$ cat data-v5.txt   # compact mmCIF, C-alpha atoms
# COMPACT_ATOMS: atom_id res chain seq x y z
CA MET A 1 0.14 -2.23 6.73
CA ALA A 2 -1.52 -5.05 4.82
CA MET A 3 -4.26 -4.09 2.41
CA SER A 4 -7.66 -5.58 3.15
CA VAL A 5 -8.78 -8.13 0.59
CA LYS A 6 -12.41 -8.79 -0.31
CA ASN A 7 -12.24 -12.53 -0.85
CA LYS A 8 -15.98 -12.91 -1.35
CA GLU A 9 -16.16 -10.54 -4.28
CA ALA A 10 -15.28 -11.03 -7.93
CA VAL A 11 -14.80 -9.15 -11.18
CA VAL A 12 -16.21 -10.98 -14.21
CA LEU A 13 -14.87 -10.23 -17.68
CA HIS A 14 -18.16 -10.01 -19.48
CA SER A 15 -18.18 -9.75 -23.25
CA GLY A 16 -21.92 -10.24 -23.50
CA GLY A 17 -21.46 -13.63 -25.11
CA GLN A 18 -22.56 -17.10 -24.10
CA ASP A 19 -19.38 -18.15 -22.30
CA SER A 20 -18.87 -15.07 -20.18
CA THR A 21 -22.58 -14.96 -19.30
CA THR A 22 -22.31 -18.56 -18.11
CA CYS A 23 -19.30 -17.48 -16.04
CA LEU A 24 -21.38 -14.66 -14.63
CA ALA A 25 -24.10 -17.10 -13.53
CA TRP A 26 -21.37 -19.27 -11.99
CA ALA A 27 -19.83 -16.31 -10.17
CA LEU A 28 -23.19 -15.20 -8.78
CA LYS A 29 -23.47 -18.57 -6.99
CA LYS A 30 -19.89 -18.58 -5.78
CA PHE A 31 -19.36 -14.99 -4.63
CA ASP A 32 -21.35 -12.54 -2.50
CA SER A 33 -20.88 -9.68 -4.90
CA VAL A 34 -19.94 -9.42 -8.56
CA ARG A 35 -18.78 -6.55 -10.77
CA LEU A 36 -18.74 -6.77 -14.55
CA ILE A 37 -16.34 -5.26 -17.03
CA SER A 38 -16.50 -5.25 -20.82
CA PHE A 39 -14.03 -4.01 -23.40
CA ASP A 40 -14.77 -1.83 -26.37
CA TYR A 41 -11.75 -2.49 -28.57
CA GLY A 42 -13.29 -1.68 -31.92
CA GLN A 43 -14.52 -5.21 -32.44
CA ARG A 44 -16.54 -6.08 -35.51
CA HIS A 45 -19.27 -7.46 -33.25
CA LYS A 46 -19.51 -4.38 -31.06
CA THR A 47 -23.16 -5.20 -30.47
CA GLU A 48 -21.92 -7.70 -27.87
CA ILE A 49 -21.26 -4.75 -25.55
CA LYS A 50 -24.93 -3.81 -25.72
CA ALA A 51 -25.77 -7.39 -24.80
CA ALA A 52 -23.44 -7.12 -21.80
CA GLN A 53 -25.10 -3.87 -20.71
CA THR A 54 -28.58 -5.36 -21.05
CA ILE A 55 -27.64 -8.35 -18.92
CA ALA A 56 -25.96 -6.18 -16.27
CA LYS A 57 -29.07 -4.02 -16.09
CA LYS A 58 -31.39 -7.02 -15.78
CA LEU A 59 -29.32 -8.38 -12.89
CA LYS A 60 -28.75 -4.91 -11.37
CA LEU A 61 -24.98 -5.39 -11.35
CA SER A 62 -22.22 -2.81 -11.50
CA HIS A 63 -20.91 -2.76 -15.07
CA LYS A 64 -17.99 -0.89 -16.55
CA THR A 65 -17.15 -0.65 -20.24
CA ILE A 66 -13.50 0.08 -20.84
CA LYS A 67 -12.47 1.73 -24.08
CA LEU A 68 -9.35 0.22 -25.56
CA PRO A 69 -8.72 1.64 -29.02
CA ILE A 70 -5.10 0.52 -28.81
CA LEU A 71 -5.80 -3.04 -29.99
CA LYS A 72 -7.34 -1.88 -33.22
CA GLU A 73 -4.51 0.59 -33.68
CA LEU A 74 -1.78 -1.99 -33.22
CA THR A 75 -3.08 -5.25 -34.68
CA LYS A 76 -4.54 -6.43 -37.93
CA ASN A 77 -7.10 -9.19 -37.67
CA ALA A 78 -10.63 -10.04 -38.71
CA LEU A 79 -12.20 -8.87 -35.44
CA THR A 80 -10.94 -5.30 -35.57
CA ASP A 81 -10.57 -4.86 -39.32
CA LYS A 82 -13.53 -5.50 -41.59
CA SER A 83 -11.24 -5.90 -44.61
CA VAL A 84 -9.93 -9.16 -43.13
CA LYS A 85 -12.21 -12.17 -43.64
CA VAL A 86 -13.30 -14.28 -40.68
CA LYS A 87 -11.59 -17.65 -41.21
CA ALA A 88 -10.80 -20.59 -38.96
CA GLY A 89 -7.10 -21.49 -38.69
CA LYS A 90 -5.78 -24.48 -40.57
CA LYS A 91 -3.35 -26.82 -38.87
CA GLY A 92 -0.37 -24.82 -37.56
CA THR A 93 -1.82 -21.39 -38.30
CA LEU A 94 -3.86 -19.05 -36.17
CA PRO A 95 -7.41 -18.12 -37.16
CA THR A 96 -7.80 -14.66 -38.69
CA THR A 97 -9.93 -13.72 -35.70
CA PHE A 98 -7.04 -14.09 -33.25
CA VAL A 99 -6.26 -10.70 -31.71
CA ASP A 100 -2.65 -10.75 -30.55
CA GLY A 101 -2.33 -10.18 -26.84
CA ARG A 102 -6.03 -9.56 -26.28
CA ASN A 103 -6.68 -11.80 -23.31
CA ALA A 104 -3.44 -10.82 -21.60
CA LEU A 105 -4.36 -7.17 -21.99
CA PHE A 106 -7.95 -7.72 -20.79
CA LEU A 107 -6.79 -9.65 -17.72
CA ASN A 108 -4.16 -7.05 -16.99
CA ILE A 109 -6.68 -4.23 -17.02
CA ALA A 110 -9.28 -6.29 -15.15
CA ALA A 111 -6.66 -6.90 -12.44
CA ILE A 112 -5.85 -3.19 -12.16
CA TYR A 113 -9.58 -2.48 -11.82
CA ALA A 114 -10.10 -5.33 -9.35
CA LYS A 115 -7.23 -4.23 -7.12
CA GLN A 116 -8.65 -0.71 -6.88
CA HIS A 117 -11.73 -2.36 -5.37
CA LYS A 118 -9.61 -4.73 -3.24
CA ILE A 119 -11.06 -7.69 -5.12
CA PRO A 120 -8.71 -10.63 -5.75
CA ASN A 121 -11.06 -12.83 -7.81
CA ILE A 122 -11.20 -12.46 -11.58
CA VAL A 123 -13.49 -14.70 -13.62
CA THR A 124 -13.04 -15.28 -17.33
CA GLY A 125 -14.72 -17.60 -19.81
CA VAL A 126 -11.64 -18.84 -21.66
CA CYS A 127 -11.73 -22.48 -22.62
CA GLN A 128 -8.99 -24.80 -23.76
CA THR A 129 -11.26 -27.55 -25.07
CA ASP A 130 -12.85 -25.67 -27.93
CA TYR A 131 -10.17 -23.04 -28.01
CA SER A 132 -10.22 -22.37 -31.76
CA GLY A 133 -6.44 -22.26 -31.81
CA TYR A 134 -6.18 -19.17 -29.59
CA PRO A 135 -3.06 -19.61 -27.43
CA ASP A 136 -4.33 -17.15 -24.82
CA CYS A 137 -7.26 -19.40 -23.96
CA ARG A 138 -5.10 -22.20 -22.62
CA ASN A 139 -4.67 -23.12 -19.00
CA ASP A 140 -0.88 -22.76 -19.13
CA PHE A 141 -1.28 -19.17 -20.16
CA ILE A 142 -3.83 -18.43 -17.43
CA LYS A 143 -1.62 -19.93 -14.70
CA SER A 144 1.34 -17.91 -15.89
CA MET A 145 -0.75 -14.74 -16.15
CA GLN A 146 -2.06 -15.20 -12.61
CA LYS A 147 1.47 -15.44 -11.24
CA THR A 148 2.61 -12.45 -13.30
CA LEU A 149 -0.23 -10.28 -12.00
CA GLN A 150 0.42 -11.33 -8.40
CA LEU A 151 4.07 -10.34 -8.78
CA ALA A 152 3.29 -7.11 -10.64
CA MET A 153 0.98 -5.73 -7.97
CA GLU A 154 1.76 -7.77 -4.86
CA PHE A 155 -1.85 -8.79 -4.57
CA PRO A 156 -3.33 -12.31 -4.23
CA PHE A 157 -5.14 -12.40 -7.57
CA LYS A 158 -6.93 -15.59 -8.47
CA ILE A 159 -8.09 -16.10 -12.04
CA HIS A 160 -11.10 -18.41 -12.17
CA THR A 161 -11.85 -20.22 -15.42
CA PRO A 162 -14.94 -22.37 -14.84
CA LEU A 163 -15.19 -23.33 -18.52
CA MET A 164 -11.53 -24.22 -19.11
CA PHE A 165 -12.01 -27.95 -19.64
CA LEU A 166 -15.64 -28.03 -20.76
CA THR A 167 -16.94 -28.71 -24.25
CA LYS A 168 -19.53 -26.27 -25.59
CA ALA A 169 -22.23 -28.83 -24.78
CA GLN A 170 -20.98 -29.03 -21.20
CA THR A 171 -21.04 -25.22 -21.01
CA VAL A 172 -24.72 -25.28 -21.97
CA ALA A 173 -25.25 -28.02 -19.39
CA LEU A 174 -23.55 -25.91 -16.72
CA MET A 175 -25.79 -22.96 -17.49
CA ASP A 176 -28.82 -25.25 -17.29
CA LYS A 177 -27.67 -26.55 -13.89
CA LEU A 178 -27.12 -22.97 -12.70
CA GLY A 179 -30.67 -22.12 -13.76
CA GLY A 180 -29.42 -19.44 -16.13
CA LEU A 181 -30.58 -20.59 -19.57
CA GLU A 182 -33.07 -17.71 -19.79
CA LEU A 183 -30.18 -15.25 -19.61
CA LEU A 184 -28.70 -16.65 -22.81
CA LYS A 185 -31.56 -15.01 -24.71
CA TYR A 186 -29.77 -11.70 -24.26
CA THR A 187 -26.30 -12.85 -25.26
CA HIS A 188 -24.50 -12.12 -28.52
CA THR A 189 -21.98 -14.49 -30.08
CA CYS A 190 -21.87 -13.92 -33.86
CA TYR A 191 -18.56 -12.51 -35.11
CA GLU A 192 -20.39 -10.72 -37.90
CA GLY A 193 -22.16 -8.63 -35.29
CA VAL A 194 -25.58 -9.26 -36.80
CA SER A 195 -28.85 -10.12 -35.10
CA PRO A 196 -30.45 -12.53 -35.88
CA ALA A 197 -27.04 -14.24 -35.88
CA CYS A 198 -25.43 -15.34 -39.16
CA GLY A 199 -25.20 -18.99 -38.10
CA LYS A 200 -22.18 -19.46 -40.33
CA CYS A 201 -19.15 -17.82 -38.73
CA PRO A 202 -16.87 -19.98 -36.52
CA ALA A 203 -18.38 -18.48 -33.34
CA CYS A 204 -21.98 -19.20 -34.41
CA LYS A 205 -21.10 -22.71 -35.53
CA LEU A 206 -19.43 -23.55 -32.24
CA ARG A 207 -22.39 -22.20 -30.30
CA LEU A 208 -24.94 -24.11 -32.37
CA LYS A 209 -22.94 -27.31 -32.03
CA GLY A 210 -22.99 -27.00 -28.24
CA PHE A 211 -26.76 -26.63 -28.04
CA LYS A 212 -27.26 -29.45 -30.50
CA GLU A 213 -25.05 -31.83 -28.59
CA TYR A 214 -26.72 -30.94 -25.30
CA GLY A 215 -30.04 -31.58 -27.01
CA ILE A 216 -31.88 -28.27 -26.63
CA ASP A 217 -32.57 -25.37 -28.97
CA ASP A 218 -30.53 -22.20 -28.73
CA LEU A 219 -32.46 -19.27 -27.27
CA ILE A 220 -31.27 -16.65 -29.75
CA TYR A 221 -32.47 -16.28 -33.35
CA TYR A 222 -30.53 -17.18 -36.46
CA ARG A 223 -31.05 -16.07 -40.07
CA MET B 1 3.85 -21.96 -41.66
CA ALA B 2 6.22 -20.51 -39.08
CA MET B 3 6.33 -16.74 -38.75
CA SER B 4 9.68 -15.15 -39.53
CA VAL B 5 11.36 -13.61 -36.51
CA LYS B 6 13.68 -10.60 -36.69
CA ASN B 7 16.16 -11.59 -34.02
CA LYS B 8 18.47 -8.65 -34.66
CA GLU B 9 15.83 -6.01 -34.00
CA ALA B 10 14.45 -4.64 -30.75
CA VAL B 11 11.70 -2.47 -29.33
CA VAL B 12 12.86 -0.20 -26.51
CA LEU B 13 10.36 1.11 -23.97
CA HIS B 14 11.51 4.68 -23.88
CA SER B 15 10.07 7.04 -21.30
CA GLY B 16 12.53 9.80 -22.07
CA GLY B 17 14.23 9.35 -18.72
CA GLN B 18 17.77 8.47 -17.77
CA ASP B 19 17.29 4.72 -17.40
CA SER B 20 15.44 4.04 -20.60
CA THR B 21 17.81 6.28 -22.55
CA THR B 22 20.71 4.25 -21.19
CA CYS B 23 18.85 1.13 -22.33
CA LEU B 24 18.46 2.72 -25.74
CA ALA B 25 22.22 3.31 -26.00
CA TRP B 26 22.75 -0.31 -24.91
CA ALA B 27 20.27 -1.61 -27.49
CA LEU B 28 21.89 0.40 -30.30
CA LYS B 29 25.12 -1.51 -29.68
CA LYS B 30 23.46 -4.88 -29.35
CA PHE B 31 20.88 -4.84 -32.16
CA ASP B 32 20.94 -3.88 -35.84
CA SER B 33 17.74 -1.90 -35.64
CA VAL B 34 15.77 -0.32 -32.81
CA ARG B 35 12.23 1.04 -32.52
CA LEU B 36 11.11 3.20 -29.61
CA ILE B 37 7.76 3.38 -27.90
CA SER B 38 6.58 5.74 -25.19
CA PHE B 39 3.35 5.85 -23.22
CA ASP B 40 1.17 8.85 -22.60
CA TYR B 41 -0.83 7.73 -19.57
CA GLY B 42 -1.67 11.10 -18.12
CA GLN B 43 1.51 11.21 -16.06
CA ARG B 44 2.28 14.27 -13.98
CA HIS B 45 5.66 14.51 -15.72
CA LYS B 46 4.26 14.33 -19.23
CA THR B 47 7.17 16.42 -20.40
CA GLU B 48 9.19 13.18 -20.40
CA ILE B 49 7.39 12.22 -23.63
CA LYS B 50 8.77 15.35 -25.30
CA ALA B 51 12.22 14.30 -24.11
CA ALA B 52 11.68 10.88 -25.69
CA GLN B 53 10.59 12.47 -28.96
CA THR B 54 13.61 14.79 -29.00
CA ILE B 55 16.00 11.88 -28.46
CA ALA B 56 14.31 9.74 -31.14
CA LYS B 57 14.58 12.62 -33.59
CA LYS B 58 18.24 13.20 -32.79
CA LEU B 59 19.02 9.54 -33.41
CA LYS B 60 16.63 9.28 -36.39
CA LEU B 61 14.80 6.33 -34.86
CA SER B 62 11.23 5.19 -35.37
CA HIS B 63 9.24 6.35 -32.35
CA LYS B 64 5.65 5.67 -31.41
CA THR B 65 3.75 7.33 -28.58
CA ILE B 66 0.88 5.22 -27.36
CA LYS B 67 -2.03 6.91 -25.62
CA LEU B 68 -3.22 5.01 -22.59
CA PRO B 69 -5.80 7.05 -20.70
CA ILE B 70 -7.01 3.90 -18.98
CA LEU B 71 -4.37 3.98 -16.22
CA LYS B 72 -5.43 7.43 -15.08
CA GLU B 73 -9.06 6.38 -15.26
CA LEU B 74 -8.59 3.28 -13.14
CA THR B 75 -5.92 4.07 -10.58
CA LYS B 76 -5.29 6.72 -7.97
CA ASN B 77 -1.66 7.60 -7.38
CA ALA B 78 0.67 10.55 -7.30
CA LEU B 79 1.81 10.15 -10.90
CA THR B 80 -1.61 10.41 -12.50
CA ASP B 81 -3.41 12.50 -9.90
CA LYS B 82 -1.97 15.83 -8.83
CA SER B 83 -4.02 15.80 -5.64
CA VAL B 84 -1.87 12.92 -4.33
CA LYS B 85 1.51 13.98 -2.93
CA VAL B 86 4.71 12.36 -4.19
CA LYS B 87 6.01 10.35 -1.22
CA ALA B 88 8.47 7.49 -0.86
CA GLY B 89 7.04 4.32 0.74
CA LYS B 90 7.84 3.51 4.34
CA LYS B 91 8.73 -0.02 5.28
CA GLY B 92 5.99 -2.39 4.11
CA THR B 93 4.04 0.22 2.13
CA LEU B 94 4.22 1.19 -1.51
CA PRO B 95 5.29 4.71 -2.52
CA THR B 96 2.43 6.99 -3.59
CA THR B 97 4.00 7.10 -7.05
CA PHE B 98 3.41 3.38 -7.66
CA VAL B 99 0.97 2.95 -10.55
CA ASP B 100 -0.70 -0.42 -10.17
CA GLY B 101 -0.05 -2.69 -13.12
CA ARG B 102 1.83 -0.08 -15.12
CA ASN B 103 4.86 -2.08 -16.19
CA ALA B 104 2.81 -5.19 -16.93
CA LEU B 105 0.52 -3.13 -19.14
CA PHE B 106 3.43 -1.36 -20.89
CA LEU B 107 5.20 -4.65 -21.59
CA ASN B 108 1.99 -6.21 -22.79
CA ILE B 109 1.37 -3.46 -25.30
CA ALA B 110 5.04 -3.29 -26.30
CA ALA B 111 4.87 -7.03 -27.03
CA ILE B 112 1.75 -6.64 -29.18
CA TYR B 113 3.49 -3.85 -31.10
CA ALA B 114 6.75 -5.83 -31.37
CA LYS B 115 5.00 -8.93 -32.70
CA GLN B 116 3.31 -6.92 -35.44
CA HIS B 117 6.83 -6.07 -36.61
CA LYS B 118 8.06 -9.66 -36.04
CA ILE B 119 10.48 -8.39 -33.39
CA PRO B 120 11.06 -10.67 -30.38
CA ASN B 121 13.37 -8.40 -28.34
CA ILE B 122 11.91 -5.93 -25.86
CA VAL B 123 14.22 -3.73 -23.80
CA THR B 124 13.14 -2.03 -20.59
CA GLY B 125 15.00 -0.05 -17.95
CA VAL B 126 13.50 -1.61 -14.85
CA CYS B 127 15.92 -2.13 -12.01
CA GLN B 128 15.65 -4.20 -8.88
CA THR B 129 18.58 -2.62 -7.05
CA ASP B 130 17.14 0.86 -6.60
CA TYR B 131 13.60 -0.27 -7.20
CA SER B 132 11.89 2.23 -4.88
CA GLY B 133 9.57 -0.51 -3.65
CA TYR B 134 7.90 -1.05 -7.04
CA PRO B 135 7.12 -4.76 -7.30
CA ASP B 136 6.93 -4.60 -11.10
CA CYS B 137 10.60 -3.65 -11.36
CA ARG B 138 11.85 -6.94 -9.95
CA ASN B 139 13.50 -9.69 -11.92
CA ASP B 140 10.96 -12.31 -10.76
CA PHE B 141 8.18 -10.27 -12.28
CA ILE B 142 10.05 -9.78 -15.57
CA LYS B 143 10.78 -13.50 -15.93
CA SER B 144 7.17 -14.35 -15.27
CA MET B 145 5.96 -11.66 -17.67
CA GLN B 146 8.25 -12.94 -20.42
CA LYS B 147 6.83 -16.44 -20.10
CA THR B 148 3.27 -15.12 -20.00
CA LEU B 149 3.75 -13.11 -23.19
CA GLN B 150 5.35 -16.06 -24.98
CA LEU B 151 2.36 -18.21 -24.05
CA ALA B 152 -0.20 -15.53 -24.89
CA MET B 153 1.01 -14.96 -28.43
CA GLU B 154 3.11 -18.05 -29.22
CA PHE B 155 6.07 -15.87 -30.05
CA PRO B 156 9.66 -16.08 -28.68
CA PHE B 157 9.67 -12.78 -26.80
CA LYS B 158 12.77 -11.93 -24.84
CA ILE B 159 12.63 -9.10 -22.32
CA HIS B 160 16.05 -7.54 -21.85
CA THR B 161 16.73 -5.60 -18.66
CA PRO B 162 20.32 -4.35 -18.83
CA LEU B 163 19.95 -2.27 -15.65
CA MET B 164 18.28 -4.91 -13.48
CA PHE B 165 21.12 -5.41 -11.02
CA LEU B 166 22.93 -2.09 -11.35
CA THR B 167 23.02 0.76 -8.85
CA LYS B 168 22.27 4.24 -10.20
CA ALA B 169 26.01 4.95 -10.16
CA GLN B 170 26.63 1.83 -12.24
CA THR B 171 23.92 2.94 -14.67
CA VAL B 172 25.79 6.23 -15.16
CA ALA B 173 29.01 4.23 -15.57
CA LEU B 174 27.35 2.04 -18.23
CA MET B 175 26.21 5.08 -20.18
CA ASP B 176 29.73 6.48 -19.97
CA LYS B 177 31.16 3.21 -21.29
CA LEU B 178 28.61 3.21 -24.11
CA GLY B 179 29.70 6.73 -25.01
CA GLY B 180 26.18 8.04 -24.47
CA LEU B 181 26.56 10.60 -21.67
CA GLU B 182 25.79 13.47 -24.05
CA LEU B 183 22.34 12.00 -24.69
CA LEU B 184 21.46 12.38 -21.03
CA LYS B 185 21.26 16.14 -21.58
CA TYR B 186 17.92 15.58 -23.28
CA THR B 187 16.41 13.24 -20.70
CA HIS B 188 13.72 14.07 -18.15
CA THR B 189 13.51 12.39 -14.75
CA CYS B 190 11.75 14.75 -12.30
CA TYR B 191 8.34 13.49 -11.11
CA GLU B 192 7.14 17.06 -10.76
CA GLY B 193 7.51 17.47 -14.50
CA VAL B 194 9.47 20.72 -14.16
CA SER B 195 12.57 21.85 -16.00
CA PRO B 196 15.02 22.74 -14.51
CA ALA B 197 14.30 19.67 -12.35
CA CYS B 198 13.06 20.10 -8.77
CA GLY B 199 15.98 18.15 -7.29
CA LYS B 200 13.82 17.12 -4.35
CA CYS B 201 11.39 14.42 -5.50
CA PRO B 202 12.40 10.75 -5.05
CA ALA B 203 13.25 10.44 -8.77
CA CYS B 204 15.52 13.51 -8.77
CA LYS B 205 17.22 12.42 -5.56
CA LEU B 206 17.97 8.97 -6.93
CA ARG B 207 19.34 10.42 -10.15
CA LEU B 208 21.56 12.94 -8.34
CA LYS B 209 22.88 10.25 -6.01
CA GLY B 210 23.95 8.14 -8.99
CA PHE B 211 25.92 10.91 -10.61
CA LYS B 212 27.49 11.89 -7.29
CA GLU B 213 28.58 8.33 -6.54
CA TYR B 214 30.03 7.91 -10.01
CA GLY B 215 31.86 11.17 -9.52
CA ILE B 216 30.60 13.35 -12.38
CA ASP B 217 28.09 16.18 -12.64
CA ASP B 218 24.61 15.50 -14.02
CA LEU B 219 24.08 16.99 -17.48
CA ILE B 220 20.62 18.42 -16.84
CA TYR B 221 19.84 21.55 -14.83
CA TYR B 222 18.30 21.70 -11.36
CA ARG B 223 16.58 24.58 -9.54

$ encode --input "data-v5.txt" --output "structure tokens"
Amino acid sequence: MAMSVKNKEAVVLHSGGQDSTTCLAWALKKFDSVRLISFDYGQRHKTEIKAAQTIAKKLKLSHKTIKLPILKELTKNALTDKSVKVKAGKKGTLPTTFVDGRNALFLNIAAIYAKQHKIPNIVTGVCQTDYSGYPDCRNDFIKSMQKTLQLAMEFPFKIHTPLMFLTKAQTVALMDKLGGLELLKYTHTCYEGVSPACGKCPACKLRLKGFKEYGIDDLIYYR
Amino acid sequence: MAMSVKNKEAVVLHSGGQDSTTCLAWALKKFDSVRLISFDYGQRHKTEIKAAQTIAKKLKLSHKTIKLPILKELTKNALTDKSVKVKAGKKGTLPTTFVDGRNALFLNIAAIYAKQHKIPNIVTGVCQTDYSGYPDCRNDFIKSMQKTLQLAMEFPFKIHTPLMFLTKAQTVALMDKLGGLELLKYTHTCYEGVSPACGKCPACKLRLKGFKEYGIDDLIYYR
């Protein structure tokens, strides 16, 4: 007996940041119905989850926050441990903000959740172009992960990555084209978890650069 | 700066059952040092974790139990929900004891843990021969998972599956050859989580069949 598959529905991994909110706007055009999930993994910038909840509420979308204390328990990095400084990686080293296995774990859990709802489509905002040295943002990883999940659960998962080959400026352009710029007001990006944003951490810098290159002002406030 | 890799060490996924305990005995011969991890995911037969702890203590090995309530929260199956009956799958359907995404999630977390200790080797007792219809016990899945984890964390993970192509009788034979039969006294297999074991659930039946075919008595007690 084959399981029915809801091909017109999608689960969006929604951190509450700029990229995943752009993915959400993209998914709303592409699919009939969208569910959001966020992860509370003890991140330094936990306020992003509130941003995700605000956006879900505004759009009246189903939103689930999944608690995942295990990442903080197992790994040491600047995102889950305030004693580690946020630093970009130099050539050949990973940035201190890299959380080992994070995206694999998120996609794994998103897939388990999606299959319970018979949804094959999973949307995530990973991006190879401005990937900050995170190996689990690359297309090779995503393709391999998709195959692994299909094999693990015998289900036709498809991982969609609309931002994979875009620059940050092109991501802003995409959101503009989708008519979603207003939504970016509610997003949170700063690694320091502060609002107004610090403007200085690698995440803030990358965001600011994208808006600058696209030629419009960011919609959030900076210190 | 390349990260040092401890090629002579391994992490064994140890449920406390017969298969993973056989893998543990195998790993102790193959590697200089072994760490054990078990998962507490709200399984019906939670007593298997106690078995794992007993065995780790006997062998004086490092043992970590990882709490993973998320599986019970997200999936409905006979292992995490006592209202679902334990039933083998008929042709073309999955058994009610299949927990969607379980092995992928376990391997993912084991890999995160292993990398923190610079250990590339991960040993798991999955088996394609008597795989009970679980897609995440097949070799194709394991190969794909290994590649995915390598890509996700840029680390040379190797997933070892010494039981992959063995029958249950051959697994008993392997443990005999490794001189580990005594250890099986402390293992727990029964899905019903009872001791003495029920002898009737699919897990008990498979275990009993293996011992019978190999021609020795099982070392645990049955009702």

$ closest_residue --input "data-v5.txt" --among "B:Thr129, B:Ser195, B:Ser15, B:Thr161" --to "B:Thr54" --atoms "only C-alpha atoms"
B:Ser15

$ residues_near_point --input "data-v5.txt" --point "(-3.4, 4.5, -27.7)" --cutoff "10 Å" --atoms "only C-alpha atoms" --output "PyMOL selection string"
(chain A and resi 68-74) or (chain B and resi 39-41+64-70+109)

$ write_last_selection --input "data-v5.txt" --atoms "C-alpha atoms" --output "PDB file, keeping the file's coordinate frame"
ATOM      1  CA  LEU A  68      -9.350   0.220 -25.560  1.00  0.00           C
ATOM      2  CA  PRO A  69      -8.720   1.640 -29.020  1.00  0.00           C
ATOM      3  CA  ILE A  70      -5.100   0.520 -28.810  1.00  0.00           C
ATOM      4  CA  LEU A  71      -5.800  -3.040 -29.990  1.00  0.00           C
ATOM      5  CA  LYS A  72      -7.340  -1.880 -33.220  1.00  0.00           C
ATOM      6  CA  GLU A  73      -4.510   0.590 -33.680  1.00  0.00           C
ATOM      7  CA  LEU A  74      -1.780  -1.990 -33.220  1.00  0.00           C
TER       8      LEU A  74
ATOM      9  CA  PHE B  39       3.350   5.850 -23.220  1.00  0.00           C
ATOM     10  CA  ASP B  40       1.170   8.850 -22.600  1.00  0.00           C
ATOM     11  CA  TYR B  41      -0.830   7.730 -19.570  1.00  0.00           C
ATOM     12  CA  LYS B  64       5.650   5.670 -31.410  1.00  0.00           C
ATOM     13  CA  THR B  65       3.750   7.330 -28.580  1.00  0.00           C
ATOM     14  CA  ILE B  66       0.880   5.220 -27.360  1.00  0.00           C
ATOM     15  CA  LYS B  67      -2.030   6.910 -25.620  1.00  0.00           C
ATOM     16  CA  LEU B  68      -3.220   5.010 -22.590  1.00  0.00           C
ATOM     17  CA  PRO B  69      -5.800   7.050 -20.700  1.00  0.00           C
ATOM     18  CA  ILE B  70      -7.010   3.900 -18.980  1.00  0.00           C
ATOM     19  CA  ILE B 109       1.370  -3.460 -25.300  1.00  0.00           C
TER      20      ILE B 109
END

$ residues_around --input "data-v5.txt" --residues "B:Glu9" --least-positions-apart "5" --cutoff "10 Å" --atoms "all atoms listed in the file" --output "PyMOL selection string"
chain B and resi 27-28+30-35+114+117-122

$ interface_residues --input "data-v5.txt" --of "chain B" --to "chain A" --cutoff "10 Å" --atoms "all atoms listed in the file" --output "PyMOL selection string"
chain B and resi 1-3+66-71+73-76+90-94+98-116+134-154

$ atom_distance --input "data-v5.txt" --atom1 "atom CA of A:Thr21" --atom2 "atom CA of A:Glu192"
19.2 Å

$ closest_residue --input "data-v5.txt" --among "B:His63, B:Lys158, B:Lys8, B:His45" --to "B:Thr187" --atoms "only C-alpha atoms"
B:His45

$ atom_distance --input "data-v5.txt" --atom1 "atom CA of B:Phe155" --atom2 "atom CA of A:Ile159"
22.9 Å

$ atom_distance --input "data-v5.txt" --atom1 "atom CA of A:Gly42" --atom2 "atom CA of A:Ala203"
17.6 Å

$ residues_near_point --input "data-v5.txt" --point "(13.4, 3.5, -23.6)" --cutoff "8 Å" --atoms "all atoms listed in the file" --output "ChimeraX atom specification"
/B:12-17,19-24,36-38,52,123-125

$ write_last_selection --input "data-v5.txt" --atoms "C-alpha atoms" --output "PDB file, keeping the file's coordinate frame"
ATOM      1  CA  VAL B  12      12.860  -0.200 -26.510  1.00  0.00           C
ATOM      2  CA  LEU B  13      10.360   1.110 -23.970  1.00  0.00           C
ATOM      3  CA  HIS B  14      11.510   4.680 -23.880  1.00  0.00           C
ATOM      4  CA  SER B  15      10.070   7.040 -21.300  1.00  0.00           C
ATOM      5  CA  GLY B  16      12.530   9.800 -22.070  1.00  0.00           C
ATOM      6  CA  GLY B  17      14.230   9.350 -18.720  1.00  0.00           C
ATOM      7  CA  ASP B  19      17.290   4.720 -17.400  1.00  0.00           C
ATOM      8  CA  SER B  20      15.440   4.040 -20.600  1.00  0.00           C
ATOM      9  CA  THR B  21      17.810   6.280 -22.550  1.00  0.00           C
ATOM     10  CA  THR B  22      20.710   4.250 -21.190  1.00  0.00           C
ATOM     11  CA  CYS B  23      18.850   1.130 -22.330  1.00  0.00           C
ATOM     12  CA  LEU B  24      18.460   2.720 -25.740  1.00  0.00           C
ATOM     13  CA  LEU B  36      11.110   3.200 -29.610  1.00  0.00           C
ATOM     14  CA  ILE B  37       7.760   3.380 -27.900  1.00  0.00           C
ATOM     15  CA  SER B  38       6.580   5.740 -25.190  1.00  0.00           C
ATOM     16  CA  ALA B  52      11.680  10.880 -25.690  1.00  0.00           C
ATOM     17  CA  VAL B 123      14.220  -3.730 -23.800  1.00  0.00           C
ATOM     18  CA  THR B 124      13.140  -2.030 -20.590  1.00  0.00           C
ATOM     19  CA  GLY B 125      15.000  -0.050 -17.950  1.00  0.00           C
TER      20      GLY B 125
END

$ closest_residue --input "data-v5.txt" --among "B:Lys6, B:Lys50, B:His160, B:Lys185" --to "B:Leu219" --atoms "only C-alpha atoms"
B:Lys185

$ closest_residue --input "data-v5.txt" --among "B:Ala10, B:Val172, B:Ile216, B:Val194" --to "B:Arg44" --atoms "only C-alpha atoms"
B:Val194
